[in-house]
Amino acid sequence: MFRKNLLTQLIYRMVLCCVSALAVLLTFGIFYAGKGPNTLTWEFLKYYTNISNYFVFAVSVVVLADTVKRVRAGEREGFCNKISLLKFMTTVMILVTFLVYLILLGEPFTADFWRNIGNLSYHVFAPLLFIADYFLFDEKKSVSIFAPLFSIIIPLVYVCYTFILGAAIKDFEYPYFFLDVNELGYGGVVVWVVILVAVFTVLGYLLWLYNRIVIVDGKLKLDLKNLKWLRKPESDV
């Protein structure tokens, strides 16, 4: 089965790492297709899109390294379960980046959207490749029922981080309209945060449910047995 084929996983993850590395470079604003060179400033660190792409690259490198290690050891089938919880959390994180940009922030029906290599790299290609890695190659029943709740932690830390920047820096420009306390007030921002946390949770549990779908006697089955706090994969092969 191709899902367990480590050579297939290796080739796919090499492509993923290359695309993700390009996306990370583009987030620094060193060059920007169609707009001319930009001056590098610290502001690339205030965007959730950028931070989520850094997580994607770091996790992809660790998983690729584990895949390489196993292939070099002579293994040809199996699953790489290194940092499986962090990988799941990052999958939820980058899925929200993808959806929020396409639905709330981006203009995917304009030509400029598709001409911008930066947009395509860190909003579309890197996110979709990383999300597809979860669907294609993650071991079934390897994710804890509480993993979607853990996935909320990083976004909430980001919200606090943005509030701190806003309070500490004069004339700070908030990266997203739904976090702009100058326009919405803290009450309005809290409403948006609650909405986005709900979105994170729902998407997380949809991904978790997919992880519990198994094939039994040629039929798809949702396996909800033996749920534990931090369930370990049933096998590592």
# chains A, B, ... in the order shown; residues from 1 in each chain; ligands from 1
>>> residues_around(residues="Gly106 in chain A", least_positions_apart="6", cutoff="10 Å", atoms="only C-alpha atoms", output="ChimeraX atom specification")
/A:98-100,113,119,123
>>> write_last_selection(atoms="N, CA and C atoms", output="JSON list (two decimals), in the first residue's frame")
[["chain", "number", "residue", "atom", "x", "y", "z"],
["A", 98, "PHE", "N", -4.53, 28.68, 5.54],
["A", 98, "PHE", "CA", -5.02, 28.51, 4.17],
["A", 98, "PHE", "C", -6.45, 29.00, 4.02],
["A", 99, "LEU", "N", -7.34, 28.56, 4.92],
["A", 99, "LEU", "CA", -8.76, 28.88, 4.80],
["A", 99, "LEU", "C", -9.06, 30.34, 5.11],
["A", 100, "VAL", "N", -8.45, 30.86, 6.19],
["A", 100, "VAL", "CA", -8.72, 32.25, 6.56],
["A", 100, "VAL", "C", -8.25, 33.20, 5.46],
["A", 113, "PHE", "N", -3.50, 37.75, -7.45],
["A", 113, "PHE", "CA", -3.34, 36.67, -6.47],
["A", 113, "PHE", "C", -2.50, 35.54, -7.04],
["A", 119, "ASN", "N", 2.40, 34.78, -2.30],
["A", 119, "ASN", "CA", 1.06, 34.32, -1.94],
["A", 119, "ASN", "C", 0.88, 32.84, -2.20],
["A", 123, "HIS", "N", 0.66, 30.72, 1.18],
["A", 123, "HIS", "CA", -0.78, 30.64, 1.44],
["A", 123, "HIS", "C", -1.44, 29.44, 0.77]]
>>> residues_around(residues="range 174-182 of chain A", least_positions_apart="3", cutoff="8 Å", atoms="only C-alpha atoms", output="list of chain:residue names")
A:Lys46, A:Tyr47, A:Val159, A:Thr162, A:Gly166, A:Gly185, A:Tyr186, A:Gly188, A:Val189, A:Trp192, A:Val193
>>> atom_distance(atom1="CA of Ser142 in chain A", atom2="CA of Ile195 in chain A")
27.9 Å
>>> closest_residue(among="A:Ile213, A:Val24, A:Val92, A:Ala58", to="Ala132 in chain A", atoms="only C-alpha atoms")
A:Val92
>>> closest_residue(among="A:Val63, A:Ile94, A:Ile215, A:Leu206", to="Gln9 in chain A", atoms="only C-alpha atoms")
A:Val63
>>> select_by_dssp(residues="range 2-234 of chain A", states="helix (DSSP H, G or I)", output="number ranges by chain")
A: 2-4, 6-27, 42-46, 48-72, 84-105, 111-115, 117-137, 147-150, 153-168, 177-179, 181-211
>>> residues_around(residues="Ser84 in chain A", least_positions_apart="3", cutoff="8 Å", atoms="only C-alpha atoms", output="number ranges by chain")
A: 81, 87-88, 142-143
>>> closest_residue(among="A:Val197, A:Ile153, A:Leu6, A:Ala167", to="Thr90 in chain A", atoms="only C-alpha atoms")
A:Ile153
>>> select_by_dssp(residues="range 6-216 of chain A", states="strand (DSSP E)", output="list of chain:residue names")
A:Ile213, A:Val214, A:Ile215, A:Val216
>>> write_last_selection(atoms="all heavy atoms", output="PDB file, in the first residue's frame")
ATOM      1  N   ILE A 213     -10.664   6.827  10.754  1.00  0.00           N
ATOM      2  CA  ILE A 213     -11.312   6.042   9.703  1.00  0.00           C
ATOM      3  C   ILE A 213     -10.347   4.963   9.225  1.00  0.00           C
ATOM      4  O   ILE A 213      -9.236   5.253   8.772  1.00  0.00           O
ATOM      5  CB  ILE A 213     -11.736   6.933   8.515  1.00  0.00           C
ATOM      6  CG1 ILE A 213     -12.819   7.921   8.954  1.00  0.00           C
ATOM      7  CG2 ILE A 213     -12.255   6.074   7.358  1.00  0.00           C
ATOM      8  CD1 ILE A 213     -13.214   8.911   7.873  1.00  0.00           C
ATOM      9  N   VAL A 214     -10.750   3.730   9.337  1.00  0.00           N
ATOM     10  CA  VAL A 214      -9.914   2.603   8.939  1.00  0.00           C
ATOM     11  C   VAL A 214     -10.676   1.747   7.937  1.00  0.00           C
ATOM     12  O   VAL A 214     -11.892   1.886   7.767  1.00  0.00           O
ATOM     13  CB  VAL A 214      -9.507   1.754  10.167  1.00  0.00           C
ATOM     14  CG1 VAL A 214      -8.657   2.580  11.124  1.00  0.00           C
ATOM     15  CG2 VAL A 214     -10.738   1.215  10.894  1.00  0.00           C
ATOM     16  N   ILE A 215      -9.941   0.865   7.264  1.00  0.00           N
ATOM     17  CA  ILE A 215     -10.557  -0.067   6.317  1.00  0.00           C
ATOM     18  C   ILE A 215     -10.616  -1.441   6.955  1.00  0.00           C
ATOM     19  O   ILE A 215      -9.591  -2.012   7.330  1.00  0.00           O
ATOM     20  CB  ILE A 215      -9.766  -0.120   5.000  1.00  0.00           C
ATOM     21  CG1 ILE A 215      -9.754   1.257   4.331  1.00  0.00           C
ATOM     22  CG2 ILE A 215     -10.374  -1.162   4.064  1.00  0.00           C
ATOM     23  CD1 ILE A 215      -8.937   1.301   3.056  1.00  0.00           C
ATOM     24  N   VAL A 216     -11.811  -1.962   7.102  1.00  0.00           N
ATOM     25  CA  VAL A 216     -12.030  -3.291   7.670  1.00  0.00           C
ATOM     26  C   VAL A 216     -12.815  -4.115   6.656  1.00  0.00           C
ATOM     27  O   VAL A 216     -13.930  -3.735   6.277  1.00  0.00           O
ATOM     28  CB  VAL A 216     -12.795  -3.212   9.012  1.00  0.00           C
ATOM     29  CG1 VAL A 216     -13.032  -4.617   9.563  1.00  0.00           C
ATOM     30  CG2 VAL A 216     -12.029  -2.365  10.007  1.00  0.00           C
TER      31      VAL A 216
END
>>> residues_around(residues="Val59 in chain A", least_positions_apart="4", cutoff="12 Å", atoms="only C-alpha atoms", output="PyMOL selection string")
chain A and resi 13+16-17+20-21+52-55+63-66+80-91+94+130+133-134
>>> atom_distance(atom1="CA of Asn5 in chain A", atom2="CA of Ile145 in chain A")
26.4 Å
>>> atom_distance(atom1="CA of Ile103 in chain A", atom2="CA of Asp171 in chain A")
27.7 Å
>>> decode(residues="range 154-210 of chain A", atoms="C-alpha atoms", output="PDB file, in the first residue's frame")
ATOM      1  CA  ILE A 154      -0.382  28.070  19.602  1.00  0.00           C
ATOM      2  CA  PRO A 155      -3.042  30.405  18.125  1.00  0.00           C
ATOM      3  CA  LEU A 156      -3.933  31.715  21.592  1.00  0.00           C
ATOM      4  CA  VAL A 157      -0.256  32.345  22.333  1.00  0.00           C
ATOM      5  CA  TYR A 158      -0.092  34.231  19.040  1.00  0.00           C
ATOM      6  CA  VAL A 159      -3.061  36.407  20.025  1.00  0.00           C
ATOM      7  CA  CYS A 160      -1.378  37.276  23.337  1.00  0.00           C
ATOM      8  CA  TYR A 161       1.869  37.976  21.479  1.00  0.00           C
ATOM      9  CA  THR A 162       0.049  40.373  19.142  1.00  0.00           C
ATOM     10  CA  PHE A 163      -1.611  42.185  22.066  1.00  0.00           C
ATOM     11  CA  ILE A 164       1.795  42.605  23.728  1.00  0.00           C
ATOM     12  CA  LEU A 165       3.263  44.064  20.528  1.00  0.00           C
ATOM     13  CA  GLY A 166       0.292  46.400  20.218  1.00  0.00           C
ATOM     14  CA  ALA A 167       0.690  47.639  23.785  1.00  0.00           C
ATOM     15  CA  ALA A 168       4.476  47.981  23.604  1.00  0.00           C
ATOM     16  CA  ILE A 169       4.962  49.579  20.162  1.00  0.00           C
ATOM     17  CA  LYS A 170       3.687  53.041  19.383  1.00  0.00           C
ATOM     18  CA  ASP A 171       1.453  53.264  16.290  1.00  0.00           C
ATOM     19  CA  PHE A 172       1.615  49.494  15.913  1.00  0.00           C
ATOM     20  CA  GLU A 173      -0.177  48.264  12.799  1.00  0.00           C
ATOM     21  CA  TYR A 174      -2.122  45.135  13.627  1.00  0.00           C
ATOM     22  CA  PRO A 175      -1.544  42.395  11.050  1.00  0.00           C
ATOM     23  CA  TYR A 176      -5.217  41.416  10.686  1.00  0.00           C
ATOM     24  CA  PHE A 177      -8.442  43.367  10.948  1.00  0.00           C
ATOM     25  CA  PHE A 178      -9.947  40.887  13.420  1.00  0.00           C
ATOM     26  CA  LEU A 179      -7.091  41.548  15.878  1.00  0.00           C
ATOM     27  CA  ASP A 180      -7.104  45.338  15.518  1.00  0.00           C
ATOM     28  CA  VAL A 181      -8.136  46.600  18.965  1.00  0.00           C
ATOM     29  CA  ASN A 182      -7.922  50.189  17.709  1.00  0.00           C
ATOM     30  CA  GLU A 183     -10.786  49.545  15.307  1.00  0.00           C
ATOM     31  CA  LEU A 184     -12.788  46.812  17.051  1.00  0.00           C
ATOM     32  CA  GLY A 185     -11.893  47.362  20.702  1.00  0.00           C
ATOM     33  CA  TYR A 186     -10.949  44.453  22.916  1.00  0.00           C
ATOM     34  CA  GLY A 187     -14.550  43.272  23.026  1.00  0.00           C
ATOM     35  CA  GLY A 188     -14.779  43.016  19.249  1.00  0.00           C
ATOM     36  CA  VAL A 189     -11.439  41.247  19.055  1.00  0.00           C
ATOM     37  CA  VAL A 190     -12.497  38.760  21.728  1.00  0.00           C
ATOM     38  CA  VAL A 191     -15.598  37.920  19.666  1.00  0.00           C
ATOM     39  CA  TRP A 192     -13.391  37.185  16.658  1.00  0.00           C
ATOM     40  CA  VAL A 193     -10.986  35.146  18.768  1.00  0.00           C
ATOM     41  CA  VAL A 194     -13.864  33.037  20.083  1.00  0.00           C
ATOM     42  CA  ILE A 195     -15.077  32.465  16.518  1.00  0.00           C
ATOM     43  CA  LEU A 196     -11.618  31.470  15.314  1.00  0.00           C
ATOM     44  CA  VAL A 197     -11.030  29.186  18.312  1.00  0.00           C
ATOM     45  CA  ALA A 198     -14.310  27.457  17.454  1.00  0.00           C
ATOM     46  CA  VAL A 199     -13.121  27.097  13.845  1.00  0.00           C
ATOM     47  CA  PHE A 200      -9.794  25.655  15.044  1.00  0.00           C
ATOM     48  CA  THR A 201     -11.602  23.164  17.271  1.00  0.00           C
ATOM     49  CA  VAL A 202     -14.070  22.029  14.600  1.00  0.00           C
ATOM     50  CA  LEU A 203     -11.355  21.621  11.961  1.00  0.00           C
ATOM     51  CA  GLY A 204      -9.161  19.822  14.473  1.00  0.00           C
ATOM     52  CA  TYR A 205     -11.844  17.281  15.274  1.00  0.00           C
ATOM     53  CA  LEU A 206     -12.656  16.780  11.598  1.00  0.00           C
ATOM     54  CA  LEU A 207      -8.978  15.924  11.045  1.00  0.00           C
ATOM     55  CA  TRP A 208      -9.056  13.704  14.130  1.00  0.00           C
ATOM     56  CA  LEU A 209     -12.119  11.845  12.813  1.00  0.00           C
ATOM     57  CA  TYR A 210     -10.314  11.228   9.535  1.00  0.00           C
TER      58      TYR A 210
END
